[in-house]
Amino acid sequence: MSEVSAIDNEKLKFFIKQTGDMVAAGFNCAITVLGDRLDLYQHMADVGPTSADDLAARAGLHPRWVREWLQHQACIGQVDYAEGRFTLSPEAVAVLVNEEHPAFLMGAFDSVLTVAPAVDRLEEAFRTGIGMSYDEHGPGCACAIERMGAFTKNHRLVPELIPHIDTMHEKLSNGARVIDVGCGGALSTLVMARAYPNSEFVGYDISEHALNRARANLEESRLDNVSVVNPLVQAMPRDGSVDFATTFDVIHDAPHPAELIEDIYHSLKPGGVWLCEDIQGFETFEENLANHPMAGMLYGFSVMVCMNSSMSTPDGAGLGTLGFTESLAQEMTSAAGFGGFQKLDVENPLNNYYVLTK
């Protein structure tokens with residue numbers, strides 16, 4: 001009874017409301033993915049203000065289901081409602097529909113839905129310490145990760161990031177050897193290969209689901225200066241033959257990041273360059289807690305996916321999504337032998353970009 005009397009009722013009301021919001025957000029991930037798969041957001045973007053019956057007819061769906069979906073979306077705040085009509089705002093179109101917009105985040109909803117079944121495995125992981133590889137989540141995880149990172153790879157890598165690296169555009173234009181480590185669906189590999197046809201590109205990934213995506217994307221591209229490889233089958237070169245290496249949100253996922261960084265170092269020629277994209281965070285949990293606007297999402301992603309991957313072997317490093325901080329990046333790359341470390345002055349709310357020189 002004393003514990004009950006000690007409860008602050010105003011704080012209790014706030015906590016109940018907060019918990020309700022979290023549960024609603026969980027349901028919303030599944031319901032948002034449904035809207036994406038059924039093209040409901042796309043139809044709303046195309047048609048403007050609409051009724052449930054009109055939207056259902058346009059999409060070829062049952063009106064009762066569409067009405068409940070729209071009412072949920074209006075209550076959650078993703079759809080606007082006024083005078084019997086439902087509308088998708090320009091901002092919602094950017095986030096939920098337009099894959100060419102930097103704010104597009106549908107891949108994040110995909111990711112949550114894809115990894116949710118991992119809860120049973122994670123219960124055991126908390127006891128044993130052993131997490132899950134990306135492939136153990138199934139092929140949907142590779143697709144979701146590919147979709148989440150597509151904008152930067154498709155629209156910023158060649159026109160913005162590579163020109164920040166001294167002479168790299170010229171080297172690639174003239175012909176260079178490039179490895180894209182942890183290439184996933186090979187979007188970055190193919191974007192670079194298309195822009196620099198005189199160069200040779202190899203994408204490496206240990207996920208067979210990701211490599212299947214990469215092979216399909218490669219076949220569709222019809223590029224002949226690209227190959228994709230599983231380094232467990234064909235090891236990365238350690239002969240100093242590579243001019244340029246790239247990683248995009250890879251190091252913090254790796255069970256053995258120090259060894260991976262050393263492999264990249266040994267692959268490069270003297271003067272070779274590694275462009276490393278990784279998650280932007282503060283140096284301590286306390287700073288992330290107080291100041292990082294996406295800390296809750298990123299620590300959640302870490303438990304379900306990133307730290308999970310980096311703990312998927314008994315000796316996994318377990319860096320986690322926010323674990324590869326700038327100071328640790330400097331420390332680990334210096335230990336591997338890299339002499340130059342530069343953080344690019346590139347605006348991105350999620351990622352840092354480091355240029356390492358051998």
# chains A, B, ... in the order shown; residues from 1 in each chain; ligands from 1
call {"tool": "residues_around", "arguments": {"residues": "A:Ser133", "least_positions_apart": "3", "cutoff": "8 Å", "atoms": "only C-alpha atoms", "output": "PyMOL selection string"}}
result
chain A and resi 136-137+308-310+312
call {"tool": "write_last_selection", "arguments": {"atoms": "N, CA and C atoms", "output": "PDB file, in the first residue's frame"}}
result
ATOM      1  N   GLU A 136      19.845 -14.282 -40.819  1.00  0.00           N
ATOM      2  CA  GLU A 136      18.907 -14.985 -39.956  1.00  0.00           C
ATOM      3  C   GLU A 136      17.590 -14.235 -39.786  1.00  0.00           C
ATOM      4  N   HIS A 137      17.555 -12.962 -40.188  1.00  0.00           N
ATOM      5  CA  HIS A 137      16.304 -12.210 -40.199  1.00  0.00           C
ATOM      6  C   HIS A 137      15.464 -12.514 -41.439  1.00  0.00           C
ATOM      7  N   ASN A 308      22.905  -6.714 -32.574  1.00  0.00           N
ATOM      8  CA  ASN A 308      22.532  -8.111 -32.784  1.00  0.00           C
ATOM      9  C   ASN A 308      23.487  -8.777 -33.775  1.00  0.00           C
ATOM     10  N   SER A 309      23.744  -8.068 -34.890  1.00  0.00           N
ATOM     11  CA  SER A 309      24.680  -8.586 -35.888  1.00  0.00           C
ATOM     12  C   SER A 309      26.107  -8.634 -35.349  1.00  0.00           C
ATOM     13  N   SER A 310      26.502  -7.573 -34.672  1.00  0.00           N
ATOM     14  CA  SER A 310      27.891  -7.514 -34.214  1.00  0.00           C
ATOM     15  C   SER A 310      28.157  -8.434 -33.030  1.00  0.00           C
ATOM     16  N   SER A 312      26.872 -11.613 -33.259  1.00  0.00           N
ATOM     17  CA  SER A 312      26.421 -12.886 -33.835  1.00  0.00           C
ATOM     18  C   SER A 312      27.479 -13.978 -33.808  1.00  0.00           C
TER      19      SER A 312
END
call {"tool": "closest_atom_pairs", "arguments": {"of": "stretch 61-125 of chain A", "to": "stretch 28-41 of chain A", "cutoff": "9 Å", "atoms": "only C-alpha atoms", "output": "tab-separated table"}}
result
residue	atom	partner	partner_atom	distance
A:Leu61	CA	A:Leu38	CA	8.7
A:Val66	CA	A:Leu40	CA	8.7
A:Trp69	CA	A:Ile31	CA	7.5
A:His72	CA	A:Asn28	CA	8.4
A:Gln73	CA	A:Asn28	CA	8.1
A:Ile76	CA	A:Asn28	CA	7.7
A:Leu88	CA	A:Tyr41	CA	7.5
A:Ala92	CA	A:Tyr41	CA	8.9
A:Val93	CA	A:Tyr41	CA	7.6
A:Leu96	CA	A:Tyr41	CA	7.1
A:Val97	CA	A:Tyr41	CA	6.4
A:Met106	CA	A:Val33	CA	7.6
A:Ala108	CA	A:Cys29	CA	8.8
A:Phe109	CA	A:Cys29	CA	5.3
A:Asp110	CA	A:Val33	CA	6.3
A:Val112	CA	A:Cys29	CA	6.8
A:Leu113	CA	A:Ala30	CA	6.1
call {"tool": "atom_distance", "arguments": {"atom1": "atom CA of A:Gly185", "atom2": "atom CA of A:Glu146"}}
result
6.0 Å
call {"tool": "closest_residue", "arguments": {"among": "A:Glu123, A:Phe324, A:Glu277, A:Pro293", "to": "A:Gln342", "atoms": "only C-alpha atoms"}}
result
A:Glu277
call {"tool": "atom_distance", "arguments": {"atom1": "atom CA of A:Phe285", "atom2": "atom CA of A:Gly320"}}
result
11.9 Å
call {"tool": "residues_around", "arguments": {"residues": "A:Leu211", "least_positions_apart": "2", "cutoff": "9 Å", "atoms": "only C-alpha atoms", "output": "PyMOL selection string"}}
result
chain A and resi 142+183-186+203-209+213-216+228-230
call {"tool": "write_last_selection", "arguments": {"atoms": "N, CA and C atoms", "output": "CSV table (one decimal), in the first residue's frame"}}
result
chain,number,residue,atom,x,y,z
A,142,ALA,N,17.3,-7.5,-45.7
A,142,ALA,CA,18.2,-7.0,-46.7
A,142,ALA,C,17.5,-5.9,-47.6
A,183,CYS,N,28.5,-4.3,-49.2
A,183,CYS,CA,27.8,-3.6,-50.3
A,183,CYS,C,26.3,-3.7,-50.2
A,184,GLY,N,25.8,-4.7,-49.5
A,184,GLY,CA,24.3,-4.9,-49.4
A,184,GLY,C,23.8,-5.2,-50.8
A,185,GLY,N,22.8,-4.5,-51.2
A,185,GLY,CA,22.2,-4.7,-52.6
A,185,GLY,C,23.0,-4.1,-53.7
A,186,ALA,N,24.2,-3.6,-53.4
A,186,ALA,CA,25.2,-3.0,-54.3
A,186,ALA,C,24.7,-1.7,-55.0
A,203,GLY,N,31.9,-5.5,-55.2
A,203,GLY,CA,31.1,-5.4,-54.0
A,203,GLY,C,31.3,-6.7,-53.1
A,204,TYR,N,31.6,-6.5,-51.8
A,204,TYR,CA,31.7,-7.6,-50.9
A,204,TYR,C,30.6,-7.6,-49.9
A,205,ASP,N,30.0,-8.7,-49.6
A,205,ASP,CA,29.1,-8.8,-48.5
A,205,ASP,C,29.0,-10.3,-48.1
A,206,ILE,N,28.8,-10.5,-46.7
A,206,ILE,CA,28.7,-11.9,-46.2
A,206,ILE,C,27.3,-12.3,-46.1
A,207,SER,N,26.3,-11.4,-46.4
A,207,SER,CA,24.9,-11.8,-46.4
A,207,SER,C,24.5,-12.3,-47.8
A,208,GLU,N,24.1,-13.6,-47.8
A,208,GLU,CA,23.6,-14.1,-49.1
A,208,GLU,C,22.3,-13.5,-49.6
A,209,HIS,N,21.5,-13.1,-48.6
A,209,HIS,CA,20.2,-12.4,-49.0
A,209,HIS,C,20.6,-11.1,-49.7
A,213,ARG,N,20.1,-9.8,-53.7
A,213,ARG,CA,19.6,-8.5,-54.2
A,213,ARG,C,20.7,-7.8,-55.1
A,214,ALA,N,21.9,-7.9,-54.7
A,214,ALA,CA,23.0,-7.3,-55.5
A,214,ALA,C,23.1,-7.9,-56.9
A,215,ARG,N,23.0,-9.2,-56.9
A,215,ARG,CA,23.0,-9.9,-58.3
A,215,ARG,C,21.9,-9.5,-59.1
A,216,ALA,N,20.7,-9.4,-58.5
A,216,ALA,CA,19.5,-8.9,-59.3
A,216,ALA,C,19.7,-7.5,-59.8
A,228,VAL,N,30.1,-9.0,-57.7
A,228,VAL,CA,29.8,-9.0,-56.3
A,228,VAL,C,30.2,-10.4,-55.7
A,229,VAL,N,30.8,-10.3,-54.5
A,229,VAL,CA,31.5,-11.5,-54.0
A,229,VAL,C,31.2,-11.7,-52.5
A,230,ASN,N,31.1,-12.9,-52.1
A,230,ASN,CA,31.0,-13.2,-50.6
A,230,ASN,C,32.5,-13.3,-50.2
call {"tool": "atom_distance", "arguments": {"atom1": "atom CA of A:Ser188", "atom2": "atom CA of A:Cys143"}}
result
14.3 Å
call {"tool": "residues_around", "arguments": {"residues": "A:Leu172", "least_positions_apart": "3", "cutoff": "8 Å", "atoms": "only C-alpha atoms", "output": "list in words"}}
result
Met168, His169, Gly175, Ala176, Tyr196, Asn198 and Ser199 of chain A
call {"tool": "write_last_selection", "arguments": {"atoms": "N, CA, C and O atoms", "output": "PDB file, in the first residue's frame"}}
result
ATOM      1  N   MET A 168      40.054  12.216 -56.221  1.00  0.00           N
ATOM      2  CA  MET A 168      39.394  10.918 -56.397  1.00  0.00           C
ATOM      3  C   MET A 168      38.538  10.877 -57.661  1.00  0.00           C
ATOM      4  O   MET A 168      38.495   9.849 -58.355  1.00  0.00           O
ATOM      5  N   HIS A 169      37.856  11.966 -57.952  1.00  0.00           N
ATOM      6  CA  HIS A 169      37.042  11.990 -59.173  1.00  0.00           C
ATOM      7  C   HIS A 169      37.913  11.735 -60.398  1.00  0.00           C
ATOM      8  O   HIS A 169      37.541  10.941 -61.277  1.00  0.00           O
ATOM      9  N   GLY A 175      40.430   5.517 -64.367  1.00  0.00           N
ATOM     10  CA  GLY A 175      40.447   4.066 -64.212  1.00  0.00           C
ATOM     11  C   GLY A 175      41.125   3.667 -62.919  1.00  0.00           C
ATOM     12  O   GLY A 175      42.334   3.873 -62.756  1.00  0.00           O
ATOM     13  N   ALA A 176      40.366   3.105 -61.990  1.00  0.00           N
ATOM     14  CA  ALA A 176      40.900   2.715 -60.689  1.00  0.00           C
ATOM     15  C   ALA A 176      40.254   1.397 -60.276  1.00  0.00           C
ATOM     16  O   ALA A 176      39.264   0.954 -60.848  1.00  0.00           O
ATOM     17  N   TYR A 196      31.605   5.911 -63.419  1.00  0.00           N
ATOM     18  CA  TYR A 196      33.035   5.786 -63.754  1.00  0.00           C
ATOM     19  C   TYR A 196      33.276   4.482 -64.513  1.00  0.00           C
ATOM     20  O   TYR A 196      33.787   3.504 -63.958  1.00  0.00           O
ATOM     21  N   ASN A 198      35.437   3.535 -66.579  1.00  0.00           N
ATOM     22  CA  ASN A 198      36.823   3.097 -66.769  1.00  0.00           C
ATOM     23  C   ASN A 198      37.382   2.385 -65.541  1.00  0.00           C
ATOM     24  O   ASN A 198      38.481   1.817 -65.603  1.00  0.00           O
ATOM     25  N   SER A 199      36.656   2.433 -64.445  1.00  0.00           N
ATOM     26  CA  SER A 199      37.124   1.802 -63.213  1.00  0.00           C
ATOM     27  C   SER A 199      36.470   0.435 -63.020  1.00  0.00           C
ATOM     28  O   SER A 199      35.429   0.127 -63.593  1.00  0.00           O
TER      29      SER A 199
END
call {"tool": "select_by_dssp", "arguments": {"residues": "stretch 63-304 of chain A", "states": "alpha helix (DSSP H)", "output": "ChimeraX atom specification"}}
result
/A:63-76,90-96,106-115,119-128,139-148,150-151,168-174,187-195,208-221,257-267,285-291,295-301
call {"tool": "closest_residue", "arguments": {"among": "A:Val178, A:Arg194, A:Lys358, A:Ala210", "to": "A:Tyr265", "atoms": "only C-alpha atoms"}}
result
A:Lys358
call {"tool": "residues_around", "arguments": {"residues": "A:Leu70", "least_positions_apart": "5", "cutoff": "9 Å", "atoms": "only C-alpha atoms", "output": "list in words"}}
result
Ala52, Trp65, Cys75, Val79 and Phe86 of chain A
call {"tool": "residues_around", "arguments": {"residues": "A:Thr167", "least_positions_apart": "3", "cutoff": "12 Å", "atoms": "only C-alpha atoms", "output": "ChimeraX atom specification"}}
result
/A:162-164,170-174,176,243-244,271-273
call {"tool": "select_by_dssp", "arguments": {"residues": "stretch 33-144 of chain A", "states": "strand (DSSP E)", "output": "list in words"}}
result
Asp80, Tyr81, Ala82, Arg85, Phe86 and Thr87 of chain A
call {"tool": "write_last_selection", "arguments": {"atoms": "N, CA, C and O atoms", "output": "mmCIF file, in the first residue's frame"}}
result
data_model
loop_
_atom_site.group_PDB
_atom_site.id
_atom_site.type_symbol
_atom_site.label_atom_id
_atom_site.label_comp_id
_atom_site.auth_asym_id
_atom_site.auth_seq_id
_atom_site.Cartn_x
_atom_site.Cartn_y
_atom_site.Cartn_z
ATOM 1 N N ASP A 80 -4.064 13.737 -42.899
ATOM 2 C CA ASP A 80 -4.898 14.836 -42.431
ATOM 3 C C ASP A 80 -6.370 14.556 -42.755
ATOM 4 O O ASP A 80 -6.679 13.898 -43.760
ATOM 5 N N TYR A 81 -7.263 15.082 -41.900
ATOM 6 C CA TYR A 81 -8.694 14.873 -42.107
ATOM 7 C C TYR A 81 -9.444 16.179 -41.894
ATOM 8 O O TYR A 81 -9.212 16.890 -40.909
ATOM 9 N N ALA A 82 -10.338 16.498 -42.814
ATOM 10 C CA ALA A 82 -11.199 17.671 -42.678
ATOM 11 C C ALA A 82 -12.399 17.510 -43.594
ATOM 12 O O ALA A 82 -12.258 17.125 -44.768
ATOM 13 N N ARG A 85 -12.947 14.402 -45.765
ATOM 14 C CA ARG A 85 -11.928 14.046 -46.762
ATOM 15 C C ARG A 85 -10.591 13.802 -46.064
ATOM 16 O O ARG A 85 -10.230 14.474 -45.097
ATOM 17 N N PHE A 86 -9.866 12.833 -46.575
ATOM 18 C CA PHE A 86 -8.537 12.490 -46.056
ATOM 19 C C PHE A 86 -7.484 12.966 -47.049
ATOM 20 O O PHE A 86 -7.637 12.791 -48.270
ATOM 21 N N THR A 87 -6.392 13.558 -46.516
ATOM 22 C CA THR A 87 -5.364 14.145 -47.375
ATOM 23 C C THR A 87 -3.982 13.768 -46.875
ATOM 24 O O THR A 87 -3.737 13.709 -45.663
#
call {"tool": "residues_around", "arguments": {"residues": "A:Ala317", "least_positions_apart": "5", "cutoff": "9 Å", "atoms": "only C-alpha atoms", "output": "JSON, numbers by chain"}}
result
{"A": [252, 254, 255, 256, 257, 258, 307, 310, 311]}
call {"tool": "closest_residue", "arguments": {"among": "A:Asp180, A:Asp135, A:Asp21, A:Glu347", "to": "A:Val250", "atoms": "only C-alpha atoms"}}
result
A:Asp180
call {"tool": "closest_residue", "arguments": {"among": "A:Tyr134, A:Phe151, A:Phe248, A:Phe15", "to": "A:Gly182", "atoms": "only C-alpha atoms"}}
result
A:Phe248
call {"tool": "closest_residue", "arguments": {"among": "A:Ala150, A:Ala25, A:Val242, A:Met132", "to": "A:Asp120", "atoms": "only C-alpha atoms"}}
result
A:Met132
call {"tool": "closest_residue", "arguments": {"among": "A:Met332, A:Ala195, A:Ala57, A:Leu275", "to": "A:Asp166", "atoms": "only C-alpha atoms"}}
result
A:Leu275
call {"tool": "decode", "arguments": {"residues": "stretch 252-267 of chain A", "atoms": "all heavy atoms", "output": "compact mmCIF listing (two decimals), in the first residue's frame"}}
result
# COMPACT_ATOMS: atom_id res chain seq x y z
N HIS A 252 30.08 -0.60 -37.63
CA HIS A 252 29.42 -0.85 -36.34
C HIS A 252 28.64 -2.15 -36.32
O HIS A 252 28.32 -2.67 -35.25
CB HIS A 252 28.52 0.34 -35.96
CG HIS A 252 27.27 0.44 -36.79
ND1 HIS A 252 27.19 1.27 -37.89
CD2 HIS A 252 26.06 -0.16 -36.68
CE1 HIS A 252 25.98 1.16 -38.42
NE2 HIS A 252 25.28 0.31 -37.71
N ASP A 253 28.31 -2.69 -37.51
CA ASP A 253 27.59 -3.96 -37.59
C ASP A 253 28.50 -5.18 -37.51
O ASP A 253 28.03 -6.30 -37.28
CB ASP A 253 26.85 -4.07 -38.93
CG ASP A 253 25.67 -3.12 -39.04
OD1 ASP A 253 25.06 -2.81 -38.00
OD2 ASP A 253 25.35 -2.68 -40.16
N ALA A 254 29.78 -4.98 -37.74
CA ALA A 254 30.71 -6.11 -37.93
C ALA A 254 31.04 -6.79 -36.60
O ALA A 254 31.38 -6.12 -35.62
CB ALA A 254 31.99 -5.63 -38.59
N PRO A 255 30.98 -8.12 -36.55
CA PRO A 255 31.42 -8.82 -35.34
C PRO A 255 32.90 -8.59 -35.03
O PRO A 255 33.29 -8.59 -33.86
CB PRO A 255 31.15 -10.30 -35.67
CG PRO A 255 30.10 -10.27 -36.74
CD PRO A 255 30.41 -9.04 -37.54
N HIS A 256 33.71 -8.40 -36.07
CA HIS A 256 35.15 -8.21 -35.89
C HIS A 256 35.60 -6.94 -36.62
O HIS A 256 36.29 -6.99 -37.63
CB HIS A 256 35.91 -9.43 -36.42
CG HIS A 256 35.42 -10.72 -35.85
ND1 HIS A 256 34.79 -11.70 -36.61
CD2 HIS A 256 35.42 -11.20 -34.58
CE1 HIS A 256 34.45 -12.70 -35.84
NE2 HIS A 256 34.82 -12.43 -34.60
N PRO A 257 35.21 -5.77 -36.11
CA PRO A 257 35.50 -4.53 -36.83
C PRO A 257 36.98 -4.23 -36.97
O PRO A 257 37.41 -3.70 -37.99
CB PRO A 257 34.80 -3.46 -36.00
CG PRO A 257 34.64 -4.07 -34.64
CD PRO A 257 34.43 -5.53 -34.88
N ALA A 258 37.78 -4.57 -35.96
CA ALA A 258 39.22 -4.30 -36.05
C ALA A 258 39.85 -5.09 -37.19
O ALA A 258 40.66 -4.55 -37.97
CB ALA A 258 39.91 -4.64 -34.73
N GLU A 259 39.46 -6.36 -37.31
CA GLU A 259 39.98 -7.18 -38.41
C GLU A 259 39.51 -6.67 -39.76
O GLU A 259 40.27 -6.67 -40.74
CB GLU A 259 39.56 -8.64 -38.21
CG GLU A 259 40.25 -9.34 -37.06
CD GLU A 259 39.55 -9.13 -35.72
OE1 GLU A 259 38.75 -8.17 -35.59
OE2 GLU A 259 39.81 -9.93 -34.78
N LEU A 260 38.26 -6.22 -39.82
CA LEU A 260 37.74 -5.68 -41.08
C LEU A 260 38.49 -4.42 -41.48
O LEU A 260 38.85 -4.24 -42.66
CB LEU A 260 36.24 -5.39 -40.94
CG LEU A 260 35.54 -4.82 -42.18
CD1 LEU A 260 35.72 -5.72 -43.39
CD2 LEU A 260 34.06 -4.59 -41.88
N ILE A 261 38.75 -3.55 -40.54
CA ILE A 261 39.50 -2.32 -40.83
C ILE A 261 40.91 -2.68 -41.31
O ILE A 261 41.43 -2.07 -42.25
CB ILE A 261 39.54 -1.41 -39.58
CG1 ILE A 261 38.13 -0.87 -39.30
CG2 ILE A 261 40.53 -0.27 -39.77
CD1 ILE A 261 38.01 -0.16 -37.97
N GLU A 262 41.54 -3.67 -40.67
CA GLU A 262 42.87 -4.11 -41.12
C GLU A 262 42.82 -4.68 -42.53
O GLU A 262 43.72 -4.43 -43.35
CB GLU A 262 43.43 -5.15 -40.15
CG GLU A 262 43.84 -4.58 -38.81
CD GLU A 262 44.34 -5.65 -37.86
OE1 GLU A 262 44.42 -6.83 -38.28
OE2 GLU A 262 44.64 -5.31 -36.69
N ASP A 263 41.76 -5.45 -42.85
CA ASP A 263 41.62 -5.98 -44.21
C ASP A 263 41.53 -4.86 -45.23
O ASP A 263 42.14 -4.93 -46.31
CB ASP A 263 40.37 -6.87 -44.30
CG ASP A 263 40.56 -8.23 -43.64
OD1 ASP A 263 41.72 -8.62 -43.40
OD2 ASP A 263 39.54 -8.89 -43.37
N ILE A 264 40.76 -3.84 -44.90
CA ILE A 264 40.63 -2.70 -45.82
C ILE A 264 41.98 -2.01 -45.98
O ILE A 264 42.40 -1.67 -47.10
CB ILE A 264 39.56 -1.72 -45.31
CG1 ILE A 264 38.18 -2.38 -45.38
CG2 ILE A 264 39.58 -0.43 -46.12
CD1 ILE A 264 37.08 -1.59 -44.68
N TYR A 265 42.69 -1.82 -44.87
CA TYR A 265 44.01 -1.18 -44.93
C TYR A 265 44.95 -1.95 -45.84
O TYR A 265 45.61 -1.37 -46.72
CB TYR A 265 44.60 -1.08 -43.52
CG TYR A 265 46.01 -0.54 -43.50
CD1 TYR A 265 46.25 0.82 -43.55
CD2 TYR A 265 47.11 -1.40 -43.46
CE1 TYR A 265 47.54 1.33 -43.55
CE2 TYR A 265 48.41 -0.91 -43.46
CZ TYR A 265 48.61 0.45 -43.50
OH TYR A 265 49.90 0.95 -43.53
N HIS A 266 45.02 -3.26 -45.67
CA HIS A 266 45.97 -4.07 -46.45
C HIS A 266 45.55 -4.19 -47.92
O HIS A 266 46.39 -4.49 -48.77
CB HIS A 266 46.12 -5.45 -45.82
CG HIS A 266 46.90 -5.44 -44.54
ND1 HIS A 266 48.24 -5.11 -44.48
CD2 HIS A 266 46.51 -5.70 -43.26
CE1 HIS A 266 48.66 -5.17 -43.23
NE2 HIS A 266 47.63 -5.52 -42.47
N SER A 267 44.27 -3.96 -48.20
CA SER A 267 43.83 -4.02 -49.60
C SER A 267 44.30 -2.81 -50.40
O SER A 267 44.45 -2.88 -51.61
CB SER A 267 42.30 -4.11 -49.67
OG SER A 267 41.70 -2.85 -49.40
